Structure formats: structure tokens, C-alpha cells
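To start, the structure itself, in C-alpha cells.
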Amino acid sequence: MIKSFFIINTQKFVLVLMMLLLAVLMFPEQGKHNVNQLFDIKSTQSISTISKGVSTPMRDMNLLNYQATSSPTLELLSSTKSQAETLLPQKTVYLTFDDGPSKLTDEVLDILKGFNIHATFFVLGEQVKRFPELVTRAVEEGHALGNHSYNHNYEELYKGFSPFWSQIKQTEETIRSVTGLHTSLVRAPGGTAGHFDDTYFTLLKEGGYQVVDWNVDSGDSKRRGVPARDIIKDATTNINNDQVVVLMHDGNGHEETVKALPEIISYYKDKGYKFDVLTPELPKLESFQFKVTKSARALQRPQPNEEWIATNVLPNAALFTHGKRLVMEIGRLETDFKHGEYRIFEGRIMVPLRTMMDKMDVSVKWDVKNKLAVIDMGLNSLQISVATGDWTSNKKETASQTKNVPVQMKGNTLWVPLREILSATGHDPISINVNEEEWRIRAL
Ligand SMILES: [Zn+2]
């Protein structure tokens, strides 16, 4: 009797413990800050109404793109675009170059530099080995890299998934040894159509890769020596998409593509397109994939077994999901968020307001009635309305100013864009750098 009583209570005790643990895991801030209940909003008001205005297209998130350039950097943190601007879908063109690097790549890079735009290079491993300095240059100048297999040999690549996989891994290692960076973007030699079956698509995705075909073919590889005027024509005719991925080549023998490039760029510039690099975070990246064809399905290639998938493919995804720290140097203060403590939303770094303010040693209170977060900075104060996203700053002896910056309420936590909260508290961001381990933001 006593014993069973004890067992039941032990079970209860364990259950309660587990629930507590779960609660702490779900609301990590709750345990740390007892004042956090100020944020306990019972209202069921939909958060979507708050973030509805945020339709800014995904900004350049690619670490390759962030290393060298300074202007897109601050855009990452920016959320001050006018409402009108965010509501208009931005036309974007992604220029892509396959089969390089080659002797022609320098010229391509010069042209891109002349126009001050960026592109994506789907490189071959064996060419990276041959011309490491060109890959380094591309990365340093803010371009993105993708993986286009090691040797482009269709017979090897399409006799089954595992040889394809080996070449992707080999190329990845080569890129990494030259640049120190991983890329998860993959373009199939010859495109996926007729080559990829469901196994190729599924396993690459499970391995953490993003496969990208194109929706505009410049036709520069349909045969040898296609003249520049034909390339221009194919790259600029019947363009009816707002998001355009143009296929071009910078491998050997593509001198005509180099000749055609300035005119192709001018065409898209004149049509109001912005130029960007492909990034894994790009929404609807999969819309640039071709569908599996009947002929590819009919190829009856050997399928990798479950054990091979479990050892090779599944653990691979961790390569790309491992978390970066977000380090902030604010004046003399250095502080950080671990991976998972901040988030990236539509190209912006979002941070939990209360934790952020704690790190900066600034007091924040919650006005339950008006659903306002009130940040008290001595002479100045800032009010953020959860319902409207209005940020009102009150400075001593000046009229208050209000601007609209979307925020998000998730559970008990109010998330705000990092750039805005830094600026609003008098710490305008100066620079942002990214490497494999961390984002590093310097602010006034
Ligand atoms: Zn190719």
C-alpha cells in the first residue's frame, strides 16, 4: 500500500518535472525574468495583422554575398522601406553562370563590377581546382557560388544517384578548401529535366541542398559558338516573370556570352529589375526547378539503399543548419545571441525585445491595457505598439516621432528587427560581417 502510494507519487512527480522542463524549454525567458509576465498577453488578436505589411522580398542572405560588400549588408537589417515600396513586388533577375571558372571568368567579373551588380556562379570542382584565384575573386566581390558537380560528365552523373552525390561532395570540399565556405545550392549539369528522377530531388533535399534550374535560357550552350546577338535575343525575349533566373555559361568557349553580357544586363536594368544572387533562403526557390520527366523516371537506375542514405545523406543536412552566433558590438559593450535565440525573418534579423534590452541594460515595461512595450532610456523613451507596429520615440523637448516597423508577437515574446531597435535606442549599425561561425554587428 505504502509502496504503491509512493510509486504513484513518483510518477506524478516525474510528470510534473517533465512538464516544468517542457515549459522552460518552450519559454526560456520565463525562467530568467520574472517580470516577463508583463508580456503575458491573453488577447488572441492575430499576429498576422501586425506583420501583414511586411512583404519585402528576401534580401541577400547569402554569406558569400555579405563578406565583401557593405551596402547590401545594412539592407539586411533594414526595415525602413516605405509601405508603398514593400507592397510592390520587386522585379529581380538572378544572372547565373555555369561550368566555370575559366579564363573568361575574369572578364565576366569585370563586367559585373562595372555595373555594380552580383551574380551566381555554378562552378565545376575540377575548374575550381584549376582556377582557385578566380573563385576567391568572385567571393570577395560579393558573388554567390553554387555546386555544378565535379566534372560535368553526364554518363557518370546520371547512371545513379550515388555517383552524382560523390561529385557534389567532392566539389563542395574543393570549394571549401579554396574559399572556406559551404554552398548548398546545386545545379544539375544539363539541368534536371531528363536527368533527375524523384530520388535525385528527394535525397538532395534531405541532404540539405537546394536544386536550382532556370526560367530563362540564354541559349549560349545549345551548340558551339552561338553568336552574341542570338544569346542577347534568347536572354531578353518573352520575359514575363518578375523573378528571372537566367542561364549563361562562363566555361571555356563561351566568348560570345561575355560579348553579350553588357547588353543583357542593360536590358534588365532598363526594365527595372534589380540584380541579386541566389541564396538558399530565397522563398520559392523550388519554383525554379523543372518537373521530373517520364524519360527520367523510366531510366531504372540503381537506387541507394536505406543504410547508404542513413549514413551519407541524412547527417549531411547538419552541414547547412548548424547555427551561427549573433555577436553585437554596441559601443564598448559586446554581447551575443546563440543560434536559435534570434531569428531571420524575410531577410531581417529579429531579436526578442526583452532579452535584447536586458543585454543592453535598458529597462522595458509592458503597458497591458494599450499593448505597448515601453522602453525607458532616461531622457528618451520609446513605445512600441504590438497592435499597429507603431514605434513612437519621445525625446526631451522635441515633438514625438512615430514610424511603422512591423513586429511579431510569438507566445509571450515580442520580436523586433535588430536594426530598428539599435537605431531607436541610439545605436545606429555601422557594419555587419558574417562567417561560418557568426554574424558580427557593430553599432555606435
Ligand atoms: Zn553545365
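Identifiers in the C-alpha cells: chain A, B, ... in order shown; residue index from 1 per chain; ligand index from 1 in order shown.
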
Quiz item: If you count only C-alpha atoms and all ligand atoms, which residues end up within 9 Å of ligand 1, as an MDAnalysis selection string?
Solution: chainID A and resid 97:100 122:124 148:149 152 187:191 221 249 251

Practice problem: Go through A:Thr171, A:Ser423, A:Thr192, A:Gln127 and flag the residue nearest Ser295 of chain A, using only C-alpha atoms for the distances. | Solution: A:Thr192

Exercise. Check the DSSP output for the backbone and give back, as a PyMOL selection string, the residues of segment 106-255 of chain A in strand (DSSP E or B).
Key: chain A and resi 120-123+144-147+185-186+210-211+216-217+243-249

I need the chosen residues saved as an mmCIF file, in the first residue's frame, with C-alpha atoms.
```cif
data_model
loop_
_atom_site.group_PDB
_atom_site.id
_atom_site.type_symbol
_atom_site.label_atom_id
_atom_site.label_comp_id
_atom_site.auth_asym_id
_atom_site.auth_seq_id
_atom_site.Cartn_x
_atom_site.Cartn_y
_atom_site.Cartn_z
ATOM 1 C CA THR A 120 25.717 33.378 -59.030
ATOM 2 C CA PHE A 121 28.423 31.053 -60.344
ATOM 3 C CA PHE A 122 27.629 27.343 -60.546
ATOM 4 C CA VAL A 123 31.168 26.065 -60.608
ATOM 5 C CA ALA A 144 27.462 33.650 -54.777
ATOM 6 C CA LEU A 145 28.686 30.162 -55.561
ATOM 7 C CA GLY A 146 26.726 27.050 -56.409
ATOM 8 C CA ASN A 147 27.785 23.464 -56.991
ATOM 9 C CA LEU A 185 22.975 25.473 -53.978
ATOM 10 C CA VAL A 186 23.164 22.789 -56.651
ATOM 11 C CA GLN A 210 18.658 23.335 -52.898
ATOM 12 C CA VAL A 211 18.438 22.439 -56.564
ATOM 13 C CA VAL A 216 15.260 31.950 -68.963
ATOM 14 C CA ASP A 217 17.805 30.149 -71.122
ATOM 15 C CA GLN A 243 11.604 36.651 -60.775
ATOM 16 C CA VAL A 244 14.002 35.653 -63.511
ATOM 17 C CA VAL A 245 16.849 33.158 -63.332
ATOM 18 C CA VAL A 246 18.959 33.484 -66.474
ATOM 19 C CA LEU A 247 21.135 30.574 -67.552
ATOM 20 C CA MET A 248 24.504 31.544 -69.032
ATOM 21 C CA HIS A 249 27.950 29.976 -69.165
#
```

Quiz item: Counting only C-alpha atoms, which of A:Thr293, A:Thr236, A:Thr311, A:Asn433 gets nearest to Glu263 of chain A?
Solution: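 For Glu263 of chain A, the nearest of the given residues is A:Thr236.
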
Quiz prompt | Surrounding residues of segment 368-385 of chain A excluding itself and chain neighbours under 4 positions, 9 Å, only C-alpha atoms, as a PyMOL selection string | solution = chain A and resi 38-41+353+357+362-364+389-396+405+407+414+424-425

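Each of A:Arg176, A:His195, A:His143, A:Lys205 was checked against Phe290 of chain A using only C-alpha atoms; the smallest atom-to-atom distance is that of A:His195.
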
Self-check item: Leu134 of chain A environment, 10 Å, only C-alpha atoms, sequence neighbours closer than 4 positions dropped, as a ChimeraX atom specification
Solution: /A:100-106,109,127-128,130,138-140

File of the preceding selection, C-alpha atoms, as a PDB file, in the first residue's frame:
```
ATOM      1  CA  GLY A 100      33.377  27.939 -64.799  1.00  0.00           C
ATOM      2  CA  PRO A 101      35.618  29.236 -63.613  1.00  0.00           C
ATOM      3  CA  SER A 102      37.637  29.549 -66.788  1.00  0.00           C
ATOM      4  CA  LYS A 103      39.894  32.083 -68.456  1.00  0.00           C
ATOM      5  CA  LEU A 104      36.718  34.019 -69.293  1.00  0.00           C
ATOM      6  CA  THR A 105      35.616  34.454 -65.710  1.00  0.00           C
ATOM      7  CA  ASP A 106      37.846  37.456 -65.063  1.00  0.00           C
ATOM      8  CA  LEU A 109      33.663  39.632 -63.149  1.00  0.00           C
ATOM      9  CA  GLN A 127      37.690  24.086 -62.653  1.00  0.00           C
ATOM     10  CA  VAL A 128      37.814  25.442 -59.107  1.00  0.00           C
ATOM     11  CA  ARG A 130      42.417  24.855 -61.819  1.00  0.00           C
ATOM     12  CA  ALA A 138      34.175  36.091 -57.155  1.00  0.00           C
ATOM     13  CA  VAL A 139      33.535  35.525 -53.453  1.00  0.00           C
ATOM     14  CA  GLU A 140      35.462  38.609 -52.407  1.00  0.00           C
TER      15      GLU A 140
END
```

Would you tabulate, counting only C-alpha atoms, all residues of segment 128-233 of chain A that have an atom at most 12 Å from an atom of segment 313-316 of chain A, showing the closest pair of atoms and their distance in Å to one decimal, sorted by chain then ascending number, as a tab-separated table?
```
residue	atom	partner	partner_atom	distance
A:Phe161	CA	A:Val313	CA	11.0
A:Ser162	CA	A:Val313	CA	9.9
A:Trp165	CA	A:Val313	CA	8.8
A:Ser166	CA	A:Val313	CA	10.8
A:Ile168	CA	A:Val313	CA	11.6
A:Lys169	CA	A:Asn316	CA	9.8
A:Glu172	CA	A:Asn316	CA	11.8
A:His182	CA	A:Asn316	CA	11.8
A:Ser184	CA	A:Asn316	CA	10.5
A:Thr199	CA	A:Val313	CA	11.7
A:Tyr200	CA	A:Val313	CA	11.3
A:Thr202	CA	A:Val313	CA	10.3
A:Leu203	CA	A:Val313	CA	6.7
A:Leu204	CA	A:Val313	CA	7.7
A:Lys205	CA	A:Val313	CA	9.2
A:Glu206	CA	A:Leu314	CA	6.2
A:Gly207	CA	A:Val313	CA	4.8
A:Gly208	CA	A:Asn316	CA	6.6
A:Tyr209	CA	A:Asn316	CA	9.2
```

Restrict the selected residues to N, CA and C atoms and save them as a CSV table (one decimal), in the first residue's frame.
```
chain,number,residue,atom,x,y,z
A,161,PHE,N,22.1,7.7,-58.4
A,161,PHE,CA,22.3,8.9,-57.5
A,161,PHE,C,23.6,8.9,-56.8
A,162,SER,N,24.1,7.8,-56.4
A,162,SER,CA,25.3,7.8,-55.5
A,162,SER,C,26.6,8.4,-56.3
A,165,TRP,N,26.0,12.1,-56.1
A,165,TRP,CA,26.3,12.6,-54.8
A,165,TRP,C,27.8,12.8,-54.5
A,166,SER,N,28.6,11.8,-55.0
A,166,SER,CA,30.0,11.8,-54.7
A,166,SER,C,30.6,13.1,-55.4
A,168,ILE,N,29.1,15.9,-56.0
A,168,ILE,CA,28.6,17.1,-55.3
A,168,ILE,C,29.5,17.3,-54.0
A,169,LYS,N,29.8,16.2,-53.4
A,169,LYS,CA,30.6,16.3,-52.1
A,169,LYS,C,32.0,16.6,-52.5
A,172,GLU,N,32.1,20.3,-53.3
A,172,GLU,CA,31.9,21.0,-52.1
A,172,GLU,C,33.2,21.2,-51.3
A,182,HIS,N,30.9,26.8,-47.4
A,182,HIS,CA,30.0,25.8,-47.9
A,182,HIS,C,28.9,26.4,-48.8
A,184,SER,N,25.1,25.3,-50.5
A,184,SER,CA,24.1,24.3,-50.6
A,184,SER,C,23.3,24.4,-51.8
A,199,THR,N,14.2,10.4,-56.9
A,199,THR,CA,15.3,10.1,-55.9
A,199,THR,C,16.3,11.2,-55.9
A,200,TYR,N,16.7,11.7,-57.0
A,200,TYR,CA,17.7,12.8,-57.0
A,200,TYR,C,17.2,14.0,-56.3
A,202,THR,N,14.6,14.2,-54.1
A,202,THR,CA,14.3,13.9,-52.7
A,202,THR,C,15.6,13.9,-51.8
A,203,LEU,N,16.5,13.1,-52.3
A,203,LEU,CA,17.7,12.9,-51.5
A,203,LEU,C,18.6,14.1,-51.4
A,204,LEU,N,18.7,14.9,-52.5
A,204,LEU,CA,19.4,16.1,-52.4
A,204,LEU,C,18.8,17.1,-51.3
A,205,LYS,N,17.5,17.1,-51.4
A,205,LYS,CA,16.7,18.0,-50.4
A,205,LYS,C,17.0,17.5,-49.0
A,206,GLU,N,16.9,16.2,-48.8
A,206,GLU,CA,17.1,15.6,-47.5
A,206,GLU,C,18.6,15.8,-47.0
A,207,GLY,N,19.5,15.9,-48.0
A,207,GLY,CA,20.9,16.2,-47.6
A,207,GLY,C,21.2,17.6,-47.4
A,208,GLY,N,20.1,18.5,-47.5
A,208,GLY,CA,20.3,19.9,-47.2
A,208,GLY,C,20.6,20.8,-48.4
A,209,TYR,N,20.5,20.2,-49.6
A,209,TYR,CA,20.8,21.0,-50.8
A,209,TYR,C,19.5,21.6,-51.4
```

Quiz prompt | Shortest interatomic distance to Pro262 of chain A - which of A:Ala228, A:Thr174, A:Pro302, A:Asp367, counting only C-alpha atoms | solution =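 The closest residue to Pro262 of chain A is A:Ala228.
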
Practice problem: Assign secondary structure with DSSP using the backbone only, and return the residues of segment 205-433 of chain A in alpha helix (DSSP H) as a count of residues only. | Solution: 52

Quiz item: Can you tell me, as a list in words, what residues are no more than 12 Å from Ile111 of chain A when counting only C-alpha atoms, ignoring any on the same chain fewer than 2 positions away?
Solution: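 Close residues of Ile111 of chain A: Leu104, Thr105, Asp106, Glu107, Val108, Leu109, Lys113, Gly114, Phe115, Asn116, Ile117, His118, Ala119, Thr257, Val258, Lys259, Ala260, Leu261, Pro262, Glu263, Ile264, Ile265 and Ser266 of chain A.
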
Keeping only C-alpha atoms, take the residues you just selected and write them out as a PDB file, in the first residue's frame.
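Final output, part.pdb:
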```
ATOM      1  CA  LEU A 104      36.718  34.019 -69.293  1.00  0.00           C
ATOM      2  CA  THR A 105      35.616  34.454 -65.710  1.00  0.00           C
ATOM      3  CA  ASP A 106      37.846  37.456 -65.063  1.00  0.00           C
ATOM      4  CA  GLU A 107      36.148  39.330 -67.892  1.00  0.00           C
ATOM      5  CA  VAL A 108      32.708  38.376 -66.606  1.00  0.00           C
ATOM      6  CA  LEU A 109      33.663  39.632 -63.149  1.00  0.00           C
ATOM      7  CA  LYS A 113      31.828  45.051 -61.352  1.00  0.00           C
ATOM      8  CA  GLY A 114      31.360  47.776 -63.957  1.00  0.00           C
ATOM      9  CA  PHE A 115      27.607  47.550 -63.488  1.00  0.00           C
ATOM     10  CA  ASN A 116      27.970  47.135 -59.720  1.00  0.00           C
ATOM     11  CA  ILE A 117      25.804  44.014 -59.700  1.00  0.00           C
ATOM     12  CA  HIS A 118      26.150  40.469 -58.401  1.00  0.00           C
ATOM     13  CA  ALA A 119      25.605  37.053 -59.919  1.00  0.00           C
ATOM     14  CA  THR A 257      28.406  35.091 -73.823  1.00  0.00           C
ATOM     15  CA  VAL A 258      30.928  37.586 -72.477  1.00  0.00           C
ATOM     16  CA  LYS A 259      30.260  39.794 -75.505  1.00  0.00           C
ATOM     17  CA  ALA A 260      26.517  39.549 -74.992  1.00  0.00           C
ATOM     18  CA  LEU A 261      26.572  40.185 -71.256  1.00  0.00           C
ATOM     19  CA  PRO A 262      26.589  44.023 -71.113  1.00  0.00           C
ATOM     20  CA  GLU A 263      23.545  44.236 -73.356  1.00  0.00           C
ATOM     21  CA  ILE A 264      21.689  41.574 -71.373  1.00  0.00           C
ATOM     22  CA  ILE A 265      22.397  43.457 -68.147  1.00  0.00           C
ATOM     23  CA  SER A 266      21.281  46.758 -69.682  1.00  0.00           C
TER      24      SER A 266
END
```

Quiz prompt | Atom-to-atom span, atom CA of Thr355 of chain A and atom CA of Lys324 of chain A, Å | solution =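 The value is 17.9 Å.
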
Quiz prompt | Pick from A:Ile432, A:Leu418, A:Val386, A:Leu299 nearest to Arg343 of chain A, counting only C-alpha atoms | solution =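 Between A:Ile432, A:Leu418, A:Val386, A:Leu299, the residue approaching Arg343 of chain A most closely is A:Leu418.
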
Quiz prompt | Spatial neighbours of segment 267-275 of chain A, 6 Å, only C-alpha atoms, chain gap at least 5 places, as a list in words | solution =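 Here the answer would be Lys91, Thr92, Val93 and Tyr94 of chain A.
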